[in-house]
>>> print(open('my_file.txt').read())   # compact mmCIF, C-alpha atoms and all ligand atoms
# COMPACT_ATOMS: atom_id res chain seq x y z
CA MET A 183 9.42 4.27 13.06
CA ASP A 184 8.73 0.88 14.62
CA GLN A 185 12.04 -1.01 14.80
CA ASP A 186 10.33 -4.36 14.27
CA CYS A 187 8.18 -3.29 11.32
CA LEU A 188 9.08 -4.62 7.89
CA PHE A 189 7.51 -1.68 6.04
CA CYS A 190 9.15 0.91 8.32
CA LYS A 191 12.45 -0.67 7.31
CA ILE A 192 11.46 -0.29 3.65
CA VAL A 193 10.65 3.38 4.31
CA SER A 194 14.05 3.94 5.93
CA GLY A 195 15.91 1.96 3.26
CA ASP A 196 17.13 -0.65 5.75
CA ASN A 197 15.21 -3.22 3.70
CA PRO A 198 15.38 -3.02 -0.09
CA SER A 199 12.35 -2.45 -2.31
CA THR A 200 11.58 -1.49 -5.86
CA GLU A 201 10.29 1.98 -5.13
CA VAL A 202 7.99 3.60 -7.67
CA PHE A 203 6.88 6.74 -5.81
CA ARG A 204 7.69 8.79 -2.72
CA ASP A 205 6.68 12.18 -1.38
CA ASP A 206 6.67 13.70 2.09
CA ARG A 207 3.80 11.52 3.38
CA VAL A 208 3.62 8.26 1.43
CA MET A 209 5.66 5.88 -0.68
CA ALA A 210 4.90 3.04 -3.09
CA PHE A 211 6.85 -0.05 -4.09
CA LEU A 212 6.29 -3.27 -6.01
CA ASP A 213 4.84 -6.20 -4.05
CA ILE A 214 7.49 -8.89 -3.67
CA ASN A 215 4.96 -11.66 -4.44
CA PRO A 216 2.62 -10.14 -7.03
CA ALA A 217 -0.94 -11.44 -7.22
CA ALA A 218 -1.57 -9.70 -10.56
CA PRO A 219 0.55 -8.35 -13.43
CA GLN A 220 0.55 -5.00 -11.64
CA HIS A 221 0.75 -5.18 -7.84
CA ILE A 222 1.98 -2.15 -5.98
CA LEU A 223 1.77 -1.28 -2.28
CA VAL A 224 1.16 2.30 -1.17
CA ILE A 225 2.01 3.05 2.46
CA PRO A 226 2.25 6.02 4.81
CA LEU A 227 5.84 6.89 5.73
CA ALA A 228 4.74 7.07 9.36
CA HIS A 229 4.03 3.81 11.16
CA LEU A 230 0.28 3.34 11.43
CA THR A 231 -0.97 -0.18 12.03
CA PHE A 232 -4.67 -0.51 11.23
CA LEU A 233 -7.55 1.67 10.13
CA SER A 234 -8.98 1.03 13.58
CA THR A 235 -6.05 2.90 15.14
CA ALA A 236 -6.49 5.88 12.81
CA ASP A 237 -8.58 8.89 13.76
CA GLU A 238 -9.80 12.12 12.16
CA SER A 239 -6.26 13.46 12.09
CA HIS A 240 -5.42 10.74 9.57
CA GLU A 241 -8.23 11.51 7.13
CA GLY A 242 -6.02 13.61 4.88
CA LEU A 243 -3.30 10.97 4.85
CA ILE A 244 -5.69 8.14 3.99
CA GLY A 245 -7.25 10.22 1.23
CA HIS A 246 -3.77 10.98 -0.06
CA LEU A 247 -2.98 7.26 -0.14
CA ALA A 248 -6.01 6.64 -2.38
CA LEU A 249 -5.34 9.55 -4.74
CA THR A 250 -1.66 8.63 -4.96
CA ALA A 251 -2.68 5.07 -5.83
CA ASP A 252 -4.82 6.39 -8.67
CA ARG A 253 -1.95 8.50 -10.02
CA ILE A 254 0.40 5.51 -9.87
CA ALA A 255 -2.17 3.39 -11.70
CA ALA A 256 -2.29 6.06 -14.40
CA GLU A 257 1.49 6.18 -14.68
CA ARG A 258 1.63 2.40 -14.98
CA GLY A 259 -1.03 2.30 -17.69
CA ILE A 260 -3.89 0.65 -15.80
CA GLN A 261 -6.08 3.63 -14.95
CA ASP A 262 -8.31 3.16 -17.99
CA SER A 263 -8.28 -0.65 -18.05
CA GLY A 264 -9.17 -0.65 -14.35
CA PHE A 265 -7.58 -1.65 -11.10
CA ARG A 266 -8.48 -2.45 -7.52
CA LEU A 267 -7.46 -0.78 -4.26
CA THR A 268 -7.51 -3.10 -1.27
CA ILE A 269 -6.77 -2.67 2.41
CA ASN A 270 -6.54 -5.97 4.24
CA GLN A 271 -7.39 -5.56 7.89
CA GLY A 272 -7.10 -8.35 10.41
CA PRO A 273 -7.00 -12.16 10.26
CA ASP A 274 -10.01 -12.81 8.01
CA ALA A 275 -8.52 -10.51 5.40
CA GLY A 276 -5.13 -12.21 5.72
CA GLN A 277 -3.27 -9.09 6.82
CA GLU A 278 0.39 -10.05 7.15
CA VAL A 279 2.14 -6.74 7.73
CA ASP A 280 0.88 -4.49 10.52
CA HIS A 281 1.74 -1.21 8.79
CA LEU A 282 -1.26 0.22 6.98
CA HIS A 283 -0.98 -0.33 3.24
CA MET A 284 -3.14 -0.12 0.17
CA HIS A 285 -2.70 -2.73 -2.55
CA ILE A 286 -3.06 -1.62 -6.16
CA THR A 287 -3.78 -4.65 -8.35
CA GLY A 288 -4.53 -4.69 -12.05
CA GLY A 289 -3.23 -5.55 -15.47
CA ARG A 290 -5.76 -8.35 -15.99
CA ARG A 291 -9.45 -8.97 -15.38
CA LEU A 292 -9.67 -9.40 -11.61
CA GLY A 293 -11.85 -11.90 -9.77
CA ARG A 294 -14.80 -11.03 -7.58
CA ALA A 295 -13.99 -8.50 -4.89
CA GLY A 296 -13.82 -10.08 -1.48
CA ALA A 297 -13.15 -13.60 -2.71
P1 LIG B 301 -1.20 -7.91 3.56
O1 LIG B 301 -1.62 -9.34 3.45
O2 LIG B 301 -0.60 -7.58 4.89
O3 LIG B 301 -2.30 -6.96 3.16
O4 LIG B 301 -0.11 -7.71 2.44
C1 LIG B 301 1.25 -7.72 2.66
C2 LIG B 301 1.89 -7.72 1.29
O5 LIG B 301 3.24 -7.38 1.45
C3 LIG B 301 1.83 -9.08 0.58
O6 LIG B 301 1.19 -8.93 -0.68
C4 LIG B 301 3.30 -9.47 0.45
O7 LIG B 301 3.59 -10.12 -0.78
C5 LIG B 301 4.00 -8.14 0.56
N1 LIG B 301 5.32 -8.20 1.17
C6 LIG B 301 5.67 -8.89 2.29
N2 LIG B 301 6.97 -8.71 2.57
C7 LIG B 301 7.47 -7.88 1.60
C8 LIG B 301 8.76 -7.33 1.36
O8 LIG B 301 9.74 -7.55 2.08
N3 LIG B 301 8.89 -6.54 0.27
C9 LIG B 301 7.83 -6.27 -0.56
N4 LIG B 301 8.07 -5.49 -1.62
N5 LIG B 301 6.60 -6.77 -0.36
C10 LIG B 301 6.42 -7.57 0.71
ZN ZN B 302 5.78 0.40 10.21
>>> encode(input="my_file.txt", output="structure tokens")
Amino acid sequence: MDQDCLFCKIVSGDNPSTEVFRDDRVMAFLDINPAAPQHILVIPLAHLTFLSTADESHEGLIGHLALTADRIAAERGIQDSGFRLTINQGPDAGQEVDHLHMHITGGRRLGRAGA
């Protein structure tokens, strides 16, 4: 855990969140400022900042994040209508929180990817 990391504090329960899923490696909670009718963040429990700091030992974890996101989308009724998984990395992507996270967005027709 990184003491200064907002998402580590959500993992530990020191900061509140509306949690929708947790297992031994990842958790998911509702985004506090949703950009779409469905906007969920899926994060590793362990503090990992960017994809660029991950290595082969993280391949299973990152795959698990994506599959978990798909299962959550199914549970929330947007698997068939469609959804988007996004990882923002670095300034041009507007990354705000330096704890790796995958956004699930859906529940309406989304704009062009990358806009
Ligand atoms: P980023 O731009 O880093 O990819 O996305 C960070 C996301 O975290 C944003 O969509 C923002 O709304 C969300 N967020 C920031 N602080 C909090 C918080 O304290 N709780 C929750 N649930 N979401 C947060
Ligand atoms: Zn963290």
>>> atom_distance(input="my_file.txt", atom1="CA of Asn215 in chain A", atom2="atom C4 of ligand LIG 301 (chain B)")
5.6 Å
>>> closest_residue(input="my_file.txt", among="A:Ala210, A:Ile222, A:Leu243, A:Leu227", to="Ile260 in chain A", atoms="only C-alpha atoms")
A:Ile222
>>> atom_distance(input="my_file.txt", atom1="CA of His229 in chain A", atom2="CA of Ser194 in chain A")
11.3 Å
>>> residues_around(input="my_file.txt", residues="Thr287 in chain A", least_positions_apart="2", cutoff="8 Å", atoms="all atoms listed in the file", output="NGL selection string")
:A and (217-222 or 265-267 or 285 or 289)
>>> residues_near_ligand(input="my_file.txt", ligand="ligand LIG 301 (chain B)", cutoff="8 Å", atoms="only C-alpha atoms and all ligand atoms", output="PyMOL selection string")
chain A and resi 188-189+192+197-200+211-217+223+268-271+275-281+283-285
>>> write_last_selection(input="my_file.txt", atoms="C-alpha atoms", output="PDB file, in the coordinates of the input")
ATOM      1  CA  LEU A 188       9.080  -4.620   7.890  1.00  0.00           C
ATOM      2  CA  PHE A 189       7.510  -1.680   6.040  1.00  0.00           C
ATOM      3  CA  ILE A 192      11.460  -0.290   3.650  1.00  0.00           C
ATOM      4  CA  ASN A 197      15.210  -3.220   3.700  1.00  0.00           C
ATOM      5  CA  PRO A 198      15.380  -3.020  -0.090  1.00  0.00           C
ATOM      6  CA  SER A 199      12.350  -2.450  -2.310  1.00  0.00           C
ATOM      7  CA  THR A 200      11.580  -1.490  -5.860  1.00  0.00           C
ATOM      8  CA  PHE A 211       6.850  -0.050  -4.090  1.00  0.00           C
ATOM      9  CA  LEU A 212       6.290  -3.270  -6.010  1.00  0.00           C
ATOM     10  CA  ASP A 213       4.840  -6.200  -4.050  1.00  0.00           C
ATOM     11  CA  ILE A 214       7.490  -8.890  -3.670  1.00  0.00           C
ATOM     12  CA  ASN A 215       4.960 -11.660  -4.440  1.00  0.00           C
ATOM     13  CA  PRO A 216       2.620 -10.140  -7.030  1.00  0.00           C
ATOM     14  CA  ALA A 217      -0.940 -11.440  -7.220  1.00  0.00           C
ATOM     15  CA  LEU A 223       1.770  -1.280  -2.280  1.00  0.00           C
ATOM     16  CA  THR A 268      -7.510  -3.100  -1.270  1.00  0.00           C
ATOM     17  CA  ILE A 269      -6.770  -2.670   2.410  1.00  0.00           C
ATOM     18  CA  ASN A 270      -6.540  -5.970   4.240  1.00  0.00           C
ATOM     19  CA  GLN A 271      -7.390  -5.560   7.890  1.00  0.00           C
ATOM     20  CA  ALA A 275      -8.520 -10.510   5.400  1.00  0.00           C
ATOM     21  CA  GLY A 276      -5.130 -12.210   5.720  1.00  0.00           C
ATOM     22  CA  GLN A 277      -3.270  -9.090   6.820  1.00  0.00           C
ATOM     23  CA  GLU A 278       0.390 -10.050   7.150  1.00  0.00           C
ATOM     24  CA  VAL A 279       2.140  -6.740   7.730  1.00  0.00           C
ATOM     25  CA  ASP A 280       0.880  -4.490  10.520  1.00  0.00           C
ATOM     26  CA  HIS A 281       1.740  -1.210   8.790  1.00  0.00           C
ATOM     27  CA  HIS A 283      -0.980  -0.330   3.240  1.00  0.00           C
ATOM     28  CA  MET A 284      -3.140  -0.120   0.170  1.00  0.00           C
ATOM     29  CA  HIS A 285      -2.700  -2.730  -2.550  1.00  0.00           C
TER      30      HIS A 285
END
>>> atom_distance(input="my_file.txt", atom1="CA of Arg204 in chain A", atom2="CA of Arg290 in chain A")
25.5 Å
>>> decode(input="my_file.txt", residues="range 250-266 of chain A", atoms="N, CA, C and O atoms", output="short mmCIF file (atom, residue, chain, number, x, y, z; two decimals), in the first residue's frame")
data_model
loop_
_atom_site.label_atom_id
_atom_site.label_comp_id
_atom_site.auth_asym_id
_atom_site.auth_seq_id
_atom_site.Cartn_x
_atom_site.Cartn_y
_atom_site.Cartn_z
N THR A 250 -12.48 -9.54 -15.39
CA THR A 250 -13.37 -9.11 -14.30
C THR A 250 -14.26 -7.98 -14.78
O THR A 250 -15.47 -7.95 -14.48
N ALA A 251 -13.69 -7.05 -15.54
CA ALA A 251 -14.49 -5.95 -16.08
C ALA A 251 -15.62 -6.48 -16.94
O ALA A 251 -16.77 -6.02 -16.85
N ASP A 252 -15.34 -7.47 -17.76
CA ASP A 252 -16.39 -8.05 -18.60
C ASP A 252 -17.48 -8.69 -17.77
O ASP A 252 -18.67 -8.53 -18.05
N ARG A 253 -17.10 -9.39 -16.71
CA ARG A 253 -18.11 -10.02 -15.85
C ARG A 253 -18.96 -8.98 -15.14
O ARG A 253 -20.18 -9.15 -14.97
N ILE A 254 -18.34 -7.89 -14.73
CA ILE A 254 -19.09 -6.82 -14.06
C ILE A 254 -20.04 -6.18 -15.06
O ILE A 254 -21.20 -5.89 -14.74
N ALA A 255 -19.58 -5.97 -16.28
CA ALA A 255 -20.46 -5.41 -17.32
C ALA A 255 -21.67 -6.32 -17.52
O ALA A 255 -22.81 -5.84 -17.66
N ALA A 256 -21.45 -7.62 -17.51
CA ALA A 256 -22.57 -8.57 -17.66
C ALA A 256 -23.53 -8.43 -16.49
O ALA A 256 -24.75 -8.32 -16.68
N GLU A 257 -22.98 -8.40 -15.28
CA GLU A 257 -23.84 -8.29 -14.09
C GLU A 257 -24.66 -7.01 -14.10
O GLU A 257 -25.78 -6.97 -13.60
N ARG A 258 -24.10 -5.95 -14.67
CA ARG A 258 -24.77 -4.65 -14.66
C ARG A 258 -25.58 -4.41 -15.92
O ARG A 258 -26.10 -3.31 -16.14
N GLY A 259 -25.69 -5.45 -16.77
CA GLY A 259 -26.63 -5.41 -17.89
C GLY A 259 -26.14 -4.67 -19.12
O GLY A 259 -26.94 -4.29 -19.98
N ILE A 260 -24.82 -4.48 -19.25
CA ILE A 260 -24.32 -3.76 -20.42
C ILE A 260 -23.38 -4.61 -21.27
O ILE A 260 -22.73 -4.09 -22.18
N GLN A 261 -23.34 -5.90 -21.01
CA GLN A 261 -22.44 -6.75 -21.81
C GLN A 261 -22.95 -6.83 -23.25
O GLN A 261 -22.18 -6.73 -24.20
N ASP A 262 -24.25 -7.01 -23.42
CA ASP A 262 -24.80 -7.16 -24.77
C ASP A 262 -24.93 -5.82 -25.49
O ASP A 262 -24.71 -5.73 -26.69
N SER A 263 -25.31 -4.79 -24.75
CA SER A 263 -25.46 -3.46 -25.39
C SER A 263 -24.10 -2.87 -25.74
O SER A 263 -23.99 -2.03 -26.64
N GLY A 264 -23.08 -3.29 -25.02
CA GLY A 264 -21.72 -2.84 -25.32
C GLY A 264 -21.18 -1.90 -24.27
O GLY A 264 -21.93 -1.22 -23.56
N PHE A 265 -19.88 -1.89 -24.17
CA PHE A 265 -19.22 -1.03 -23.17
C PHE A 265 -17.79 -0.82 -23.63
O PHE A 265 -17.32 -1.44 -24.59
N ARG A 266 -17.11 0.05 -22.93
CA ARG A 266 -15.72 0.35 -23.28
C ARG A 266 -14.83 0.15 -22.06
O ARG A 266 -15.22 0.52 -20.94
#
